[in-house]
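Structure first, then comments.
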Amino acid sequence: MSDPAPTDDASPALETATLGAGCYWCIEAVLEQIDGVKGVTSGFMGGAVDDPSYEAVCSGTTGHAEVVQVEFDPAVLPYAELLEWFWRLHDPTTLNRQGADVGTQYRSAIFWHTEAQRETAEKSKRAADASGAFSSPIVTEITRASTFWPAKASHQEYYRNNKQQPYCRMVIAPKLKKLDLDH
């Protein structure tokens with residue numbers, strides 16, 4: 001009797017990354033277009049309040065950052081390449097601020113899920129800092145991932161569903177254009 005033929009695993013081994021780079025709508029609109037990204041969910045991480053609301057996080061009292069949790073295929077998009085997109089899609093040199101969005105909830109943050117992610121993030125940050133691409137030092141925090149709290153459904157795929165909203169037209173669309181992505 002022969003062994004059965006091997007079967008192709010239809011679902012690749014996906015990894016999870018959690019990134020904060022200002023408004024989660026901006027991050028989501030960029031990353032969902034990157035080859036190898038299988039899903040992007042907007043939400044919150046890094047604070048002390050369980051199941052925070054958007055309004056509570058916006059108050060700046062929860063300690064949470066607006067983040068996206070990214071499911072990606074590392075065979076198509078290695079974590080280091082995902083981080084290259086992260087550095088390009090925001091200004092990692094401004095502490096607790098991205099453009100007009102100000103507060104700790106808009107901080108630049110990489111929340112690592114594995115020791116390998118931590119090492120890659122630290123190496124990537126050093127390389128980005130040394131690259132000369134930024135006129136000031138990078139202030140991005142690199143922190144162990146904690147509980148991820150998804151934002152409510154109306155905050156998911158926000159740009160795709162609300163392209164005519166003023167924030168989308170004035171902030172997100174120009175960012176996508178600058179990165180040569182669909183806008």
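By order in the structure tokens, chains are A, B, ...; within a chain, residues start at 1; ligands start at 1, following the order shown.
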Please, which residues in range 103-181 of chain A fall within 7 Å of range 80-94 of chain A when counting only C-alpha atoms, and what is the closest atom pair and distance in Å to one decimal for each, ordered by chain then residue number, as CSV?
```
residue,atom,partner,partner_atom,distance
A:Ser108,CA,A:Pro92,CA,5.8
A:Thr120,CA,A:Ala80,CA,6.4
A:Ser124,CA,A:Ala80,CA,6.9
A:Ser136,CA,A:Thr93,CA,5.8
A:Pro137,CA,A:Thr93,CA,5.7
A:Ile138,CA,A:Thr93,CA,4.3
A:Val139,CA,A:Thr93,CA,5.2
A:Thr140,CA,A:Pro92,CA,5.7
```
For Leu77 in chain A: contacts at 8 Å, only C-alpha atoms, fewer than 4 positions along chain excluded, given as an NGL selection string: :A and (35-37 or 72-73 or 81-82)
So which residues touch range 50-65 of chain A within 6 Å, counting only C-alpha atoms, skipping near sequence neighbours fewer than 3 positions away, as an mmCIF file with C-alpha atoms, in the first residue's frame?
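Result written to around_23.cif:
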```
data_model
loop_
_atom_site.group_PDB
_atom_site.id
_atom_site.type_symbol
_atom_site.label_atom_id
_atom_site.label_comp_id
_atom_site.auth_asym_id
_atom_site.auth_seq_id
_atom_site.Cartn_x
_atom_site.Cartn_y
_atom_site.Cartn_z
ATOM 1 C CA PHE A 44 -6.810 49.771 19.705
ATOM 2 C CA MET A 45 -3.872 48.422 21.703
ATOM 3 C CA GLY A 46 -1.457 49.424 24.401
ATOM 4 C CA GLY A 47 -3.749 50.901 27.023
ATOM 5 C CA GLN A 105 -3.576 57.622 20.756
ATOM 6 C CA TYR A 106 -1.812 58.706 17.530
ATOM 7 C CA TRP A 149 -9.622 45.604 20.706
#
```
Helix (DSSP H, G or I) positions in range 23-124 of chain A, given as an MDAnalysis selection string: chainID A and resid 24:31 54:58 79:88 104:106 115:124
Strand (DSSP E) call set, DSSP backbone run, range 2-146 of chain A, as number ranges by chain: A: 15-21, 37-45, 65-72, 97-98, 101-102, 108-112, 141-144
Between CA of Cys23 in chain A and CA of Arg107 in chain A, distance in Å (one decimal):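 Rounded to one decimal, the two atoms are 9.2 Å apart.
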Å distance separating CA of Thr16 in chain A from CA of Ile34 in chain A, one decimal place: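 Taking CA of Thr16 in chain A and CA of Ile34 in chain A, their separation equals 14.6 Å.
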Surrounding residues of Phe111 in chain A excluding itself and chain neighbours under 6 positions, 7 Å, only C-alpha atoms, as a list of chain:residue names: A:Thr18, A:Leu19, A:Ile142, A:Thr143, A:Arg144, A:Ala145
Shell of 12 Å around Tyr158 in chain A, only C-alpha atoms, local chain residues under 2 positions omitted, as a list in words: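 Once the adjacent positions are removed, what remains is Cys23, Tyr24, Trp25, Cys26, Ile27, Glu28, Ala29, Val30, Glu32, Val40, Thr41, Ser42, Ala151, Lys152, Ala153, Ser154, His155, Gln156, Arg160, Asn161, Asn162, Lys163, Gln164, Gln165, Tyr167, Cys168 and Ile172 of chain A.
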Residue nearest Thr114 in chain A - candidates A:Tyr159, A:Ser135, A:Pro166, A:Ser146, atoms counted: only C-alpha atoms: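 Among the listed residues, A:Ser146 lies closest to Thr114 in chain A.
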Nearest candidate to Trp112 in chain A (options A:Asp180, A:Glu141, A:Glu66, A:Glu157; using only C-alpha atoms): A:Glu141
Atom-to-atom span, CA of Leu31 in chain A and CA of Leu179 in chain A, Å: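 Answer for the CA of Leu31 in chain A to CA of Leu179 in chain A separation: 10.9 Å.
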